[in-house]
Amino acid sequence: MIHTLAIALHVLSATLWVGGMFFAYQILRPVAASELEAPQRLRLWAAVFSRFFPWVWLFVLLLPASGYWLVFQLYGGMGGVGLSVHLMQGLGWVMILIYMHLFFAPFRRLKEAVITEQWQDAARQLNQIRQIVAVNLSLGLIVIAVATGGRLYPG
Ligand code: HEM
């Protein structure tokens, strides 16, 4: 029962984090760029991220917590898991560190620049966030492909 809960929380966290990045990058970004002038667009992104990132903090806590729970309670430690879980763990930590950098550096500066109406600076920070999200979204898609595909090759 507890293993079922752990895998469910793990997969839900991965789905919502990576799905949220996909929606922001692939859907909202081009629409906001074509429909809104700079100040409105930058305010929109600061507000969107302010709502999305508390959820991402929850996901980046749940992913390693539930993942290591499964590793140690179900598989008896890192020696008992296949290559796909090793890759997932390594790339997962890269994704989490990249997210923390995004949160504490460009996102904090974006919020400050929007509050003080420094639109050029805000646009620079948003551009950095866009590049970082592109990297993390790509990593997330790779991790999900590796995690699910890897089940076919458990050794
Ligand atoms: C950070 C450390 C992580 C650890 C220790 C970890 C560990 C695990 C383990 C042990 C499983 C169960 C594997 C199985 O039973 O075959 C699993 C499944 C899974 N993980 Fe992770 N994981 C981590 C991060 C991530 C991240 C960042 C993502 C995606 C963004 C992710 C996506 C998935 C998915 C989609 C599955 C389900 C695979 C399936 O059942 O087909 N994991 N993970």
# chains A, B, ... in the order shown; residues from 1 in each chain; ligands from 1

call {"tool": "residues_near_ligand", "arguments": {"ligand": "ligand 1", "cutoff": "9 Å", "atoms": "only C-alpha atoms and all ligand atoms", "output": "ChimeraX atom specification"}}
result
/A:7-8,10-18,59-72,74-75,78,81-82,84-96,137,139-152,154

call {"tool": "closest_atom_pairs", "arguments": {"of": "segment 8-81 of chain A", "to": "segment 115-136 of chain A", "cutoff": "7 Å", "atoms": "only C-alpha atoms", "output": "tab-separated table"}}
result
residue	atom	partner	partner_atom	distance
A:Met21	CA	A:Val133	CA	6.8
A:Pro39	CA	A:Trp119	CA	6.5
A:Leu42	CA	A:Ala122	CA	6.8

call {"tool": "write_last_selection", "arguments": {"atoms": "N, CA, C and O atoms", "output": "mmCIF file, in the first residue's frame"}}
result
data_model
loop_
_atom_site.group_PDB
_atom_site.id
_atom_site.type_symbol
_atom_site.label_atom_id
_atom_site.label_comp_id
_atom_site.auth_asym_id
_atom_site.auth_seq_id
_atom_site.Cartn_x
_atom_site.Cartn_y
_atom_site.Cartn_z
ATOM 1 N N MET A 21 5.876 22.761 -17.198
ATOM 2 C CA MET A 21 6.923 23.418 -18.001
ATOM 3 C C MET A 21 6.553 23.380 -19.476
ATOM 4 O O MET A 21 6.766 24.346 -20.207
ATOM 5 N N PRO A 39 5.271 45.390 -20.679
ATOM 6 C CA PRO A 39 4.970 45.459 -19.237
ATOM 7 C C PRO A 39 3.926 44.439 -18.786
ATOM 8 O O PRO A 39 4.096 43.746 -17.792
ATOM 9 N N LEU A 42 5.407 40.879 -18.922
ATOM 10 C CA LEU A 42 6.363 40.595 -17.840
ATOM 11 C C LEU A 42 5.630 40.447 -16.505
ATOM 12 O O LEU A 42 5.972 39.584 -15.696
#

call {"tool": "closest_residue", "arguments": {"among": "A:His101, A:Tyr153, A:Leu110, A:Phe53", "to": "Arg41 of chain A", "atoms": "only C-alpha atoms"}}
result
A:Leu110

call {"tool": "closest_residue", "arguments": {"among": "A:Phe23, A:Leu9, A:Lys111, A:Phe104", "to": "Arg43 of chain A", "atoms": "only C-alpha atoms"}}
result
A:Lys111

call {"tool": "decode", "arguments": {"residues": "segment 60-132 of chain A", "atoms": "C-alpha atoms", "output": "short mmCIF file (atom, residue, chain, number, x, y, z; two decimals), in the first residue's frame"}}
result
data_model
loop_
_atom_site.label_atom_id
_atom_site.label_comp_id
_atom_site.auth_asym_id
_atom_site.auth_seq_id
_atom_site.Cartn_x
_atom_site.Cartn_y
_atom_site.Cartn_z
CA VAL A 60 11.15 18.61 -6.00
CA LEU A 61 10.69 17.44 -2.39
CA LEU A 62 8.35 14.56 -3.28
CA LEU A 63 10.40 13.23 -6.23
CA PRO A 64 13.61 12.32 -4.33
CA ALA A 65 11.70 11.43 -1.12
CA SER A 66 9.39 8.94 -2.87
CA GLY A 67 12.16 7.82 -5.27
CA TYR A 68 14.62 6.93 -2.49
CA TRP A 69 11.80 5.37 -0.48
CA LEU A 70 11.21 2.96 -3.37
CA VAL A 71 14.95 2.40 -3.88
CA PHE A 72 15.58 1.45 -0.25
CA GLN A 73 12.25 -0.09 0.83
CA LEU A 74 11.31 -1.93 -2.38
CA TYR A 75 14.61 -2.65 -4.13
CA GLY A 76 16.94 -2.96 -1.11
CA GLY A 77 19.27 -0.07 -2.05
CA MET A 78 21.02 1.38 -5.11
CA GLY A 79 22.61 -2.02 -5.84
CA GLY A 80 19.16 -3.46 -6.52
CA VAL A 81 18.05 -1.00 -9.21
CA GLY A 82 18.68 -0.91 -12.95
CA LEU A 83 20.58 1.62 -15.07
CA SER A 84 17.42 3.62 -15.78
CA VAL A 85 16.98 4.46 -12.08
CA HIS A 86 20.65 5.50 -11.81
CA LEU A 87 20.17 7.79 -14.81
CA MET A 88 16.89 9.10 -13.38
CA GLN A 89 18.56 9.87 -10.07
CA GLY A 90 21.53 11.67 -11.68
CA LEU A 91 19.47 13.71 -14.16
CA GLY A 92 16.80 14.29 -11.50
CA TRP A 93 19.31 16.02 -9.21
CA VAL A 94 20.59 18.11 -12.14
CA MET A 95 16.98 19.21 -12.81
CA ILE A 96 16.42 20.04 -9.13
CA LEU A 97 19.64 22.11 -8.87
CA ILE A 98 18.80 23.95 -12.11
CA TYR A 99 15.32 24.73 -10.70
CA MET A 100 16.81 26.08 -7.46
CA HIS A 101 19.17 28.34 -9.42
CA LEU A 102 16.24 29.57 -11.52
CA PHE A 103 14.20 30.29 -8.39
CA PHE A 104 16.87 32.09 -6.37
CA ALA A 105 18.59 34.03 -9.20
CA PRO A 106 16.64 35.06 -12.35
CA PHE A 107 13.14 34.61 -10.87
CA ARG A 108 13.94 36.72 -7.78
CA ARG A 109 15.45 39.41 -10.04
CA LEU A 110 12.44 39.24 -12.40
CA LYS A 111 10.06 39.91 -9.49
CA GLU A 112 12.16 42.86 -8.27
CA ALA A 113 12.44 44.32 -11.78
CA VAL A 114 8.66 44.03 -12.31
CA ILE A 115 7.91 45.72 -8.96
CA THR A 116 10.29 48.60 -9.76
CA GLU A 117 9.12 48.68 -13.41
CA GLN A 118 12.62 48.14 -14.82
CA TRP A 119 11.24 46.54 -17.97
CA GLN A 120 14.55 46.03 -19.78
CA ASP A 121 16.04 44.22 -16.83
CA ALA A 122 12.83 42.21 -16.37
CA ALA A 123 12.95 41.15 -20.04
CA ARG A 124 16.60 40.04 -19.59
CA GLN A 125 15.66 37.90 -16.57
CA LEU A 126 12.67 36.40 -18.38
CA ASN A 127 14.92 35.50 -21.31
CA GLN A 128 17.26 33.68 -18.91
CA ILE A 129 14.31 31.85 -17.36
CA ARG A 130 13.15 30.83 -20.84
CA GLN A 131 16.55 29.29 -21.63
CA ILE A 132 16.71 27.50 -18.28
#
